[in-house]
Each structure stands twice: as structure tokens, then as C-alpha cells.
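Report on one structure; see the data block that follows.
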Amino acid sequence: MALIRKSKEFIWHRKHLLGLRELSAEEITYILDTAKGFEQISTRSVKKAPPLRGKVVVNLFFEDSTRTRNSFTLAASRLSADVIEFTEKTSSVSKGETLLDTARNLEAMGVDIVVIRHSAAGAPKFLSRNINACVVNAGDGYCEHPTQGLLDTYTIRKIKGTLQGLKVAIVGDISHSRVARSDMWAMTKLGAEVTFVGPPTLMPAEVRQLPVKVSYSLDEVIDKVDVVNMLRIQFERLGGNPFPSIREYSHYFGLTVERMKRAKPDILVMHPGPINRGLEMESEVADGRNSVILQQVTNGLAVRMAVLFLVNQAAAQAP
Amino acid sequence: MPDELLIKNGRVIDPANGIDKECDVLIVDGEIAEVGRIDKPVQTVIDATGRLVTPGLIDIHVHFREPGDEEEETIASGSAAAVAAGFTSVVCMPNTSPVIENETDVEYIHRKGRQARKTHVYTMGAITKGRQGVELAEMGFMAEAGAVGFTDDGKGVQNPSVMLRALKYAAMFDVVVAQHCQDDSFAGEGVMNAGFYSTILGLPGMDALAEQAMLWRDIQLVKKIRLGRIRYHAQHISTAGSVELIRAAKKDSLPITCEVTPHHLFFTEECCAEYDTNYKVNPPLRTARDIDALKEAIAEGLIDALVTDHAPHLQSEKELEFLAAPFGIAGLECALGLYVKALIEPGILDWPGLIRLMTEKPAKIIGIDKGTLGKGKQADVTIIDPNAEYEIDVNKFRSKSRNCPYHGWKVKGKVEETIVGGEIRFQAGE
């Protein structure tokens, strides 16, 4: 346990955020509560607070990303940290220096927090074993994207009040989705019932051993859920030919205006972005009154500030 | 005056000749002269009281990385590791760079083996040129040069008609065709077993079907050919499904043999949970059910050889993301102790049973006149202290590599002397 109960208050003890699988419900709640406190910084005229002053955060991105990287950059600067951008298109898989050497170099530069995105699952964990700095996972392979899982959970909690008893559908390419995995861990730990929806060809191995329900029909699920999170079809990750055509995929798994008519009136429509409009979701739905897609982006900032703040604090307290 | 060596008072286990009794072994001029009670003054006497005296162990699946990757292992360092582990014969896999695919390559391996003067060093040749799975390599010339079998190990021959051709063609030369059973269209870019752990770790998986589909296919090919001298060997089988296929094939009396490695008897896919690349092997670590099936198969006599699949890698190569690190375990130097732990201690095999799968049977698979203490045979002998316990320490390996998840394990069954061609090539305490 990374948490020690001290009278009634938690003290956060993790200097890395590698994934949500290893976190307890209390730890997840603690991050969300911390994020709530940071939300108002973004609404002030001077959008800056001092907790990370004098600290160096590096964005170590081995994979393309715009919004996650910008969100982390902004979150770090709002907390007054210095931010270095380290974007490496080629991962160590192909050529160039190894991840271990990169880590040692960063260490030598005196970096305090490394925010890493990498196409290899486990890369953040590997880094955390070999570096003294805090490591924050910004997405590793198909394994986890913990800040996305947290911001999704945060968004739901903010609107619905709680995750307890809510029904959440996560729709699309589950097998290649780190978002689906992080959402699953966070939301089920907080008491939601999660259903993975998609064609069997996009379900991971042994999906039945996960703490979720599985459905191959969006139509059977759409009228029963409180939240629907539509995953992006990531063409670059689809191996082979998991569905015959985009047209057929959209027909069965697209969130259309027609399908939305059967949904609960207060259903939340989410998407981790960027949206393939007309593919997994029709534009009218993406921009419709149930959509909280832009709120997710706003909340992401607060969640990432909370994460950076907490890991830094844990590192400072460590003996 | 003849060169004589007498091994006194050991428990002589020679499964090929049905011997398991306390007696002596006399070696004269590099050959086994006599097994029995021998009272004769000779130059050199080894007191083997309380020890096992067995035919020299044979490992038909090692990677010594030469030529091409000498920083990981050489034939000299690999065979030094082997002899210290009680092996007197090893079979190198041809997936070197360049690939072992012609008689010159085969002769090169043999020369390096002779120069190392540790174990007998054999090699398999590639089935197809460059291990590309397209054109047959020169199996005839390689067989004449002494290649003891053929394999594209590291990958399987994907195209069924190429494999059919290879099996038919090899039947001319009375050599074994060995397969790394892995259908790439199932295995994809997998780096571990496809299952619950690959799902939660977010790593691409290799389905058990990838192994079983190719094994099933190859069994159909062997059935179809029905040529007298065809021999097929399934390398490092790892799944319960493969065991079922082998069981059925043996029931049909097909000329099919198979082998297992220690890691597939100890570890499950769960070992990959911390992304420790020492557990990244191919075929991947499977499930507890698969381990049970493999052990049952050994008890039942379905498995023909215990091997190591010794696959040395540099630390810098293993210190990578799980996705990027190479497959393999450097396990040669602890093999015997591991097999004792996996098979003798739980009562799956007795000592003669274990020795048989490390001597007589593997020798038969590759068709060499070894693995026995029969009179007149070349004197390859291993002397083992069955009760001595020792701790596996990778820092003491003679192998150049340290990628070994058994570091710190305590095992029993210590090699005391290894005799190759009548010469003592290893003595404990060296």
C-alpha cells in the first residue's frame, strides 16, 4: 500500500503514476479531490500557482500526441515548473539511444518529473526502475493512459456526483486501447459497471477475465447506460482487417443521431479525441447537448495538475 | 602403454543398456572398455562413491551465436559453459549471421568446436536459405559435412508446401527435420502468451494456436509422405494442446519426436507482469495448465528430449522495453539442477528416467552414436553428485551472458566431472 492513513487524512506516497490498475479506490478519489482544488486556477485572470516552482518537468514523447502533450505542458506551467519538450519520433526499438540511456541523460540534467509517452507497454515502469525522478505515464502501448482514465472519471463524477452504480459503455477498438483499460480500472474501482462494446475481433484475449461485461451490440447497450465513451478507431494500430469496412463498422458501432434517440435523456457522450467525425460518431452527436467532450479536455488540465503536484510532493517527502 | 581411466564405486546409470547399479567404469584410449567390478591398477582413478556415473549429457538445442554475435557467446565460451554443466555434446542452432546454410558453414562450426576442446559441438543447418522459408538450403551437402538435422529455429517454416518439400527431400539423407512451431499469422508481433496477462499488460500476444496450428499441419505432412526414413522433431513445445497432438501422433506410430525446456516447466505468463525481460522467451511462457500438461507428458514418456534452448543475450539488449528486448534465457549452466527440481524432486521421473531424456533419447533424435556407456563407444561420461545443493549464480557463469531468471535459486544435482572422449574436460572446483 502506498497510502498510510494518518488520522482521517490520506498522505499520497506514490512518486510515480504508472497506471490505475495498481491504485486503490481511495487513491483514485484522492487524486480527483485534489484536481477539484486546481480547477479554479484555470478560471483566474492570473493562471498560475507556485507549487512546482524551480522544478523541471520533461515531456518525453516517443509517440505523436498533441492534446495530451499540450495539456501536460500547460498543467506544468500553471504550477510554475520549467518544461522541456523532448519529442523523439523514433523509439529505441529501431535506432538511436536506448530508453535507459535517455533516462540517464535526463537524470544527469537534473529533471524532477518525467512525463512519458511510449509505444512500448511497460516503458514507464521500466523508466521508473532506472531513474530517481518521478515518472508519469502519458500513455504506454495498449497498457494504460492513467491521466485519461482519471479525467474521464473526473468528468463523470463532476456531472453525475458519483460513479457508484452508474453503467458505462466503452465502445470501439478495445484490444488496442489503453484508454479502455485505464477507464476500466478507475471506473470499476469507484463502483461503476463497465461494458466493453465492439466486434469480437477488437476484443483483447481473455476479456472475460476482466472486471467488465462484454457486448457485441451497441444497440443492446445504448438504452441502458448512463455514459457512453466512444473510442477513436486508430487506423495506425489496426492490424490486418478486423472489420470489413468503415461503413459497416459505423453501421454497427457508430453513435448516430438515430441511436441517441433510444438513449437515456441524460446520457453523457464522451470521446478521448481526436474524433473521426462520421465514423465512430456523427457530428450532431459530437456537438450535441449530451456531449461532454470539451469538458473532458478542460478537466484534463486540472487532473494533470493534480498528478504532477502529488508525485512531486511524494518525492519531496520520500526519505 | 594405453591411456587408462577408472571410475570407481559410482552408481552407474546407463539407460541405453538398462544398467543402474553400483560398479566401475574403465576407459581405455578414449573408449569405454568395461562396465562392472574392475580391480586393476590404472594410471588415473576417480572415486565416484555416492555419485552418479552417466553417459555424457547431450543438449540438442543451444544458441552459441557464432558466427556473427560473438559478443553474446562464442563456441568456445558456450562449450566451456556446457562442459561445466555436464554436457559432452551440444547441437548449435543455425540462426546465426550468416545463417548456417551450406557445408562450409557447418565445417566452420565443427572447427571452432574442435579448437575449443570442451564438448563435441554439432550443428543443425537451416531448412531454407537464409531461414526465409522460400528455397531449400543444401541439405545434402550439409548432412555430408556432418549437420545432424535441419531447422529454421527462431521461426517456423510458414509455407506448407515448402515444408512438405523439405520433409520429402530430407528423407534422402536420414536426417531429422526440426521445427520451431509458430504460425506467424497467429503469432503476429506477439512478445508473450496471448491471454489475461497480455491483455492487462497491453502487450501483443502469441496465441497457443500459433504453435499448435503449425504442429498439427506438420503432423499431417508427415502422415502424407510416409517415406521410410523421414524424421520430424518438434522443438520446445509449450502448450497443453501441443501435448495432445504429440500424444495422438505417437499413438499413430508416426516418426515424430519432441523436446521441452526448463523454463516451460517452471514459469507462467504471470512472470511477465513486471515487464522483466528475462522472462521474454519464444515460445512464450504459458499457463499453469500447460505446465501440468507438459509434466504429465514427461511422466507418460511422450517427451523425447530435455533441452535448454540456451539463448544468451547481452545485458544491454535485455535492458530494453519488453517489446524491444530479444527473446531467450541463458540457462545452460543450471540445466541439470533445474531438471532435478522440476522432475525428480516431485517424483515425475527417477534418475534413470531423467538421464535417458538427456542422453540416449536425444542422441537417437539426431542420429549420433552416443548417449550410452556401451563397450567400445567413445568415452563421454558425466559424474554427478545427486545430493549436493548449490546456489545458481549468474556471475559465475562461463557463458558470456547473464540473462537468466534463475539467479539465486538453490538446486540439487551438481556436476563433479565431465569426461569427453576419455579426457577429463571439467572438474568441479576448477
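Just remember, in the C-alpha cells the first chain shown is A, the second B, etc., residues are 1-based per chain, and ligands are 1-based in the order shown.
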
**OP:** Please identify all polymer residues within 10 Å of segment 149-153 of chain B, counting only C-alpha atoms, omitting same-chain residues fewer than 3 positions from it, and present them as a PyMOL selection string.
**Re:** chain B and resi 60-61+63+91+93-95+99-101+122-133+137+139+142-143+146+156-157+166-167+170+173-182+231-235+365-367

Produce a table with one row for each residue of chain B that has an atom at most 7 Å from any atom of chain A, each row naming the nearest atom pair and its distance in Å at one decimal; use only C-alpha atoms; arrange rows by chain and rising residue number; format as a tab-separated table.
```
residue	atom	partner	partner_atom	distance
B:Ala194	CA	A:Ala205	CA	6.1
B:Gly195	CA	A:Ala205	CA	4.9
B:Phe196	CA	A:Glu206	CA	5.1
B:Thr199	CA	A:Pro204	CA	5.8
B:Ile200	CA	A:Cys143	CA	6.5
B:Leu201	CA	A:Cys143	CA	5.3
B:Gly202	CA	A:Cys143	CA	3.7
B:Leu203	CA	A:Ala121	CA	6.1
B:Tyr275	CA	A:Gly122	CA	6.1
B:Leu320	CA	A:Leu99	CA	6.9
B:Glu321	CA	A:Ala123	CA	5.5
B:Phe322	CA	A:Gly122	CA	6.9
B:Leu323	CA	A:Ala120	CA	5.7
B:Ala324	CA	A:Val93	CA	5.3
```

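Here the residues within segment 146-200 of chain B that DSSP labels strand (DSSP E) on the basis of the backbone are Gly149, Phe150, Val176, Val177, Ala178, Gln179, Met192 and Asn193 of chain B.
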
Original post:
At what distance in Å, to one decimal, does atom CA of Ser24 of chain A lie from atom CA of Gly300 of chain A?
Top reply: 20.3 Å

Subject >> Distance query segment 241-254 of chain B at most 7 Å, only C-alpha atoms, self and fewer than 6 positions along chain excluded, as a count of residues only >> reply: 6

Original post:
Which residues, written as a list in words, have at least one atom at most 12 Å from Gly273 of chain A, with only C-alpha atoms counted and residues fewer than 4 positions away on the same chain left out?
Top reply: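 Contacts, with the query itself left out: Ser65, Thr66, Arg67, Thr68, Gln148, Asp152, Val179, Asn229, Met230, Leu231, Arg232, Ile233, Gln234, Arg277, Glu280, Met281, Ala286, Val292, Ile293, Leu294, Gln295, Gln296 and Val297 of chain A.
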
Original post:
Hey, what does DSSP flag as alpha helix (DSSP H) within segment 81-181 of chain A? Can you give it to me as number ranges by chain?
Top reply: A: 99-108, 123-129, 146-160, 178-181

Since we have the selection now, will you write its residues out, keeping N, CA and C atoms, as an mmCIF file, in the first residue's frame?
```
data_model
loop_
_atom_site.group_PDB
_atom_site.id
_atom_site.type_symbol
_atom_site.label_atom_id
_atom_site.label_comp_id
_atom_site.auth_asym_id
_atom_site.auth_seq_id
_atom_site.Cartn_x
_atom_site.Cartn_y
_atom_site.Cartn_z
ATOM 1 N N LEU A 99 16.291 3.623 -24.320
ATOM 2 C CA LEU A 99 15.475 4.350 -23.351
ATOM 3 C C LEU A 99 16.254 4.531 -22.050
ATOM 4 N N LEU A 100 17.036 3.502 -21.710
ATOM 5 C CA LEU A 100 17.816 3.564 -20.479
ATOM 6 C C LEU A 100 18.840 4.702 -20.551
ATOM 7 N N ASP A 101 19.495 4.834 -21.698
ATOM 8 C CA ASP A 101 20.474 5.914 -21.858
ATOM 9 C C ASP A 101 19.796 7.281 -21.844
ATOM 10 N N THR A 102 18.649 7.371 -22.497
ATOM 11 C CA THR A 102 17.892 8.618 -22.470
ATOM 12 C C THR A 102 17.561 8.991 -21.029
ATOM 13 N N ALA A 103 17.119 7.982 -20.274
ATOM 14 C CA ALA A 103 16.750 8.221 -18.878
ATOM 15 C C ALA A 103 17.950 8.726 -18.084
ATOM 16 N N ARG A 104 19.095 8.096 -18.314
ATOM 17 C CA ARG A 104 20.296 8.502 -17.567
ATOM 18 C C ARG A 104 20.701 9.929 -17.918
ATOM 19 N N ASN A 105 20.511 10.283 -19.190
ATOM 20 C CA ASN A 105 20.827 11.647 -19.610
ATOM 21 C C ASN A 105 19.917 12.672 -18.952
ATOM 22 N N LEU A 106 18.636 12.321 -18.890
ATOM 23 C CA LEU A 106 17.691 13.234 -18.258
ATOM 24 C C LEU A 106 18.043 13.400 -16.786
ATOM 25 N N GLU A 107 18.387 12.278 -16.187
ATOM 26 C CA GLU A 107 18.775 12.286 -14.784
ATOM 27 C C GLU A 107 19.959 13.240 -14.584
ATOM 28 N N ALA A 108 20.900 13.136 -15.517
ATOM 29 C CA ALA A 108 22.099 13.968 -15.409
ATOM 30 C C ALA A 108 21.771 15.454 -15.541
ATOM 31 N N ALA A 123 7.005 0.717 -20.726
ATOM 32 C CA ALA A 123 8.145 1.646 -20.791
ATOM 33 C C ALA A 123 8.188 2.584 -19.572
ATOM 34 N N PRO A 124 7.050 3.134 -19.105
ATOM 35 C CA PRO A 124 7.103 3.997 -17.919
ATOM 36 C C PRO A 124 7.586 3.242 -16.676
ATOM 37 N N LYS A 125 7.128 1.999 -16.548
ATOM 38 C CA LYS A 125 7.550 1.193 -15.396
ATOM 39 C C LYS A 125 9.061 0.937 -15.468
ATOM 40 N N PHE A 126 9.518 0.602 -16.649
ATOM 41 C CA PHE A 126 10.942 0.377 -16.881
ATOM 42 C C PHE A 126 11.740 1.631 -16.504
ATOM 43 N N LEU A 127 11.230 2.774 -16.940
ATOM 44 C CA LEU A 127 11.903 4.037 -16.645
ATOM 45 C C LEU A 127 11.934 4.290 -15.135
ATOM 46 N N SER A 128 10.821 4.013 -14.471
ATOM 47 C CA SER A 128 10.733 4.304 -13.038
ATOM 48 C C SER A 128 11.715 3.466 -12.228
ATOM 49 N N ARG A 129 12.051 2.288 -12.763
ATOM 50 C CA ARG A 129 13.016 1.443 -12.065
ATOM 51 C C ARG A 129 14.440 1.959 -12.220
ATOM 52 N N PRO A 146 -3.215 6.594 -17.759
ATOM 53 C CA PRO A 146 -3.892 6.853 -16.479
ATOM 54 C C PRO A 146 -4.504 8.245 -16.358
ATOM 55 N N THR A 147 -3.849 9.282 -16.900
ATOM 56 C CA THR A 147 -4.464 10.601 -16.722
ATOM 57 C C THR A 147 -5.756 10.725 -17.532
ATOM 58 N N GLN A 148 -5.824 9.993 -18.660
ATOM 59 C CA GLN A 148 -7.079 9.984 -19.418
ATOM 60 C C GLN A 148 -8.167 9.274 -18.615
ATOM 61 N N GLY A 149 -7.808 8.140 -18.025
ATOM 62 C CA GLY A 149 -8.767 7.420 -17.185
ATOM 63 C C GLY A 149 -9.254 8.294 -16.040
ATOM 64 N N LEU A 150 -8.336 9.053 -15.470
ATOM 65 C CA LEU A 150 -8.704 9.927 -14.354
ATOM 66 C C LEU A 150 -9.592 11.074 -14.806
ATOM 67 N N LEU A 151 -9.268 11.664 -15.945
ATOM 68 C CA LEU A 151 -10.068 12.810 -16.374
ATOM 69 C C LEU A 151 -11.451 12.374 -16.839
ATOM 70 N N ASP A 152 -11.531 11.169 -17.413
ATOM 71 C CA ASP A 152 -12.851 10.641 -17.777
ATOM 72 C C ASP A 152 -13.690 10.427 -16.514
ATOM 73 N N THR A 153 -13.057 9.813 -15.529
ATOM 74 C CA THR A 153 -13.752 9.547 -14.272
ATOM 75 C C THR A 153 -14.144 10.853 -13.582
ATOM 76 N N TYR A 154 -13.236 11.807 -13.618
ATOM 77 C CA TYR A 154 -13.474 13.116 -13.017
ATOM 78 C C TYR A 154 -14.687 13.794 -13.652
ATOM 79 N N THR A 155 -14.729 13.729 -14.982
ATOM 80 C CA THR A 155 -15.818 14.371 -15.722
ATOM 81 C C THR A 155 -17.166 13.748 -15.349
ATOM 82 N N ILE A 156 -17.181 12.427 -15.276
ATOM 83 C CA ILE A 156 -18.432 11.746 -14.918
ATOM 84 C C ILE A 156 -18.841 12.118 -13.489
ATOM 85 N N ARG A 157 -17.863 12.065 -12.586
ATOM 86 C CA ARG A 157 -18.174 12.331 -11.183
ATOM 87 C C ARG A 157 -18.684 13.757 -11.000
ATOM 88 N N LYS A 158 -18.080 14.671 -11.753
ATOM 89 C CA LYS A 158 -18.446 16.075 -11.610
ATOM 90 C C LYS A 158 -19.907 16.304 -11.997
ATOM 91 N N ILE A 159 -20.335 15.593 -13.042
ATOM 92 C CA ILE A 159 -21.691 15.820 -13.522
ATOM 93 C C ILE A 159 -22.703 14.943 -12.788
ATOM 94 N N LYS A 160 -22.345 13.685 -12.601
ATOM 95 C CA LYS A 160 -23.297 12.731 -12.007
ATOM 96 C C LYS A 160 -23.179 12.651 -10.482
ATOM 97 N N ARG A 178 -5.486 1.775 -24.705
ATOM 98 C CA ARG A 178 -5.036 1.982 -23.324
ATOM 99 C C ARG A 178 -6.079 2.794 -22.554
ATOM 100 N N VAL A 179 -6.855 3.602 -23.272
ATOM 101 C CA VAL A 179 -7.902 4.380 -22.614
ATOM 102 C C VAL A 179 -8.955 3.440 -22.027
ATOM 103 N N ALA A 180 -9.337 2.434 -22.822
ATOM 104 C CA ALA A 180 -10.343 1.478 -22.326
ATOM 105 C C ALA A 180 -9.847 0.812 -21.050
ATOM 106 N N ARG A 181 -8.573 0.454 -21.030
ATOM 107 C CA ARG A 181 -8.040 -0.235 -19.845
ATOM 108 C C ARG A 181 -8.003 0.701 -18.636
#
```

Original post:
Between atom CA of Lys361 of chain B and atom CA of Leu306 of chain B, what is the spacing in Å?
Top reply: 9.2 Å

If we count only C-alpha atoms, what is near Ile19 of chain B at a cut-off of 10 Å, once residues fewer than 6 positions away on the same chain are taken out, given as a JSON list (two decimals) with all heavy atoms, in the first residue's frame?
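Printed below is part.json as written:
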```
[["chain", "number", "residue", "atom", "x", "y", "z"],
["B", 11, "ARG", "N", 27.30, -44.98, -8.80],
["B", 11, "ARG", "CA", 26.06, -45.60, -9.25],
["B", 11, "ARG", "C", 25.99, -45.37, -10.75],
["B", 11, "ARG", "O", 25.76, -44.25, -11.21],
["B", 11, "ARG", "CB", 24.86, -44.95, -8.54],
["B", 11, "ARG", "CG", 23.51, -45.47, -9.04],
["B", 11, "ARG", "CD", 22.35, -44.74, -8.35],
["B", 11, "ARG", "NE", 21.08, -45.00, -9.02],
["B", 11, "ARG", "CZ", 19.97, -44.33, -8.78],
["B", 11, "ARG", "NH1", 19.95, -43.36, -7.87],
["B", 11, "ARG", "NH2", 18.85, -44.61, -9.44],
["B", 12, "VAL", "N", 26.26, -46.42, -11.48],
["B", 12, "VAL", "CA", 26.33, -46.28, -12.94],
["B", 12, "VAL", "C", 24.92, -46.37, -13.52],
["B", 12, "VAL", "O", 24.22, -47.37, -13.33],
["B", 12, "VAL", "CB", 27.25, -47.35, -13.56],
["B", 12, "VAL", "CG1", 27.25, -47.24, -15.08],
["B", 12, "VAL", "CG2", 28.66, -47.21, -13.01],
["B", 13, "ILE", "N", 24.51, -45.29, -14.19],
["B", 13, "ILE", "CA", 23.18, -45.26, -14.81],
["B", 13, "ILE", "C", 23.38, -45.16, -16.32],
["B", 13, "ILE", "O", 23.87, -44.15, -16.82],
["B", 13, "ILE", "CB", 22.36, -44.06, -14.31],
["B", 13, "ILE", "CG1", 22.13, -44.17, -12.80],
["B", 13, "ILE", "CG2", 21.03, -43.98, -15.04],
["B", 13, "ILE", "CD1", 21.41, -42.97, -12.19],
["B", 35, "VAL", "N", 32.26, -52.06, -18.12],
["B", 35, "VAL", "CA", 31.43, -51.57, -17.02],
["B", 35, "VAL", "C", 31.17, -52.76, -16.11],
["B", 35, "VAL", "O", 30.65, -53.78, -16.56],
["B", 35, "VAL", "CB", 30.10, -50.99, -17.55],
["B", 35, "VAL", "CG1", 29.18, -50.62, -16.38],
["B", 35, "VAL", "CG2", 30.34, -49.76, -18.42],
["B", 54, "THR", "N", 27.12, -41.36, -15.43],
["B", 54, "THR", "CA", 26.14, -41.48, -16.53],
["B", 54, "THR", "C", 26.82, -41.20, -17.87],
["B", 54, "THR", "O", 27.91, -40.63, -17.90],
["B", 54, "THR", "CB", 25.00, -40.46, -16.37],
["B", 54, "THR", "OG1", 25.49, -39.15, -16.73],
["B", 54, "THR", "CG2", 24.47, -40.39, -14.93],
["B", 352, "PRO", "N", 17.28, -42.62, -13.55],
["B", 352, "PRO", "CA", 17.46, -43.22, -14.89],
["B", 352, "PRO", "C", 16.54, -42.60, -15.93],
["B", 352, "PRO", "O", 16.95, -42.39, -17.08],
["B", 352, "PRO", "CB", 17.13, -44.70, -14.65],
["B", 352, "PRO", "CG", 17.40, -44.92, -13.20],
["B", 352, "PRO", "CD", 17.03, -43.64, -12.51],
["B", 373, "LEU", "N", 26.97, -45.97, -22.42],
["B", 373, "LEU", "CA", 28.26, -46.41, -21.91],
["B", 373, "LEU", "C", 28.59, -47.80, -22.45],
["B", 373, "LEU", "O", 29.31, -48.58, -21.84],
["B", 373, "LEU", "CB", 28.26, -46.40, -20.37],
["B", 373, "LEU", "CG", 28.02, -45.05, -19.70],
["B", 373, "LEU", "CD1", 27.97, -45.21, -18.17],
["B", 373, "LEU", "CD2", 29.10, -44.05, -20.08]]
```

Subject >> Distance query Val212 of chain A at most 9 Å, only C-alpha atoms, self and fewer than 5 positions along chain excluded, as number ranges by chain >> reply: A: 184, 188, 193-196, 207

Once you have the residues from the selection above, write them out as a compact mmCIF listing (two decimals), in the first residue's frame, restricted to C-alpha atoms.
```txt
# COMPACT_ATOMS: atom_id res chain seq x y z
CA MET A 184 -12.00 0.20 -16.74
CA THR A 188 -14.90 -0.18 -11.74
CA GLU A 193 -20.47 -1.16 -14.09
CA VAL A 194 -18.41 -1.06 -17.27
CA THR A 195 -19.36 -2.78 -20.52
CA PHE A 196 -16.89 -3.15 -23.38
CA VAL A 207 -11.52 -10.34 -21.98
```

Original post:
Any idea what the distance is between atom CA of Arg65 of chain B and atom CA of Ser79 of chain B?
Top reply: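 Separating atom CA of Arg65 of chain B from atom CA of Ser79 of chain B is a distance of 11.6 Å.
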
Original post:
Which of these residues is nearest to Ser198 of chain B, using only C-alpha atoms: B:Asp292, B:Asp218, B:Glu270, B:Glu70?
Top reply: B:Glu270

**OP:** Quick one: everything within 10 Å of Gly54 of chain A, counting only C-alpha atoms, minus sequence neighbours fewer than 6 positions away in the same chain. Send it as a ChimeraX atom specification.
**Re:** /A:80-82,112

Selection above as a file: C-alpha atoms, as an mmCIF file, in the first residue's frame:
```
data_model
loop_
_atom_site.group_PDB
_atom_site.id
_atom_site.type_symbol
_atom_site.label_atom_id
_atom_site.label_comp_id
_atom_site.auth_asym_id
_atom_site.auth_seq_id
_atom_site.Cartn_x
_atom_site.Cartn_y
_atom_site.Cartn_z
ATOM 1 C CA SER A 80 5.235 27.216 -12.288
ATOM 2 C CA ALA A 81 7.527 24.361 -13.375
ATOM 3 C CA ASP A 82 10.073 24.679 -16.153
ATOM 4 C CA ASP A 112 12.358 16.220 -11.448
#
```
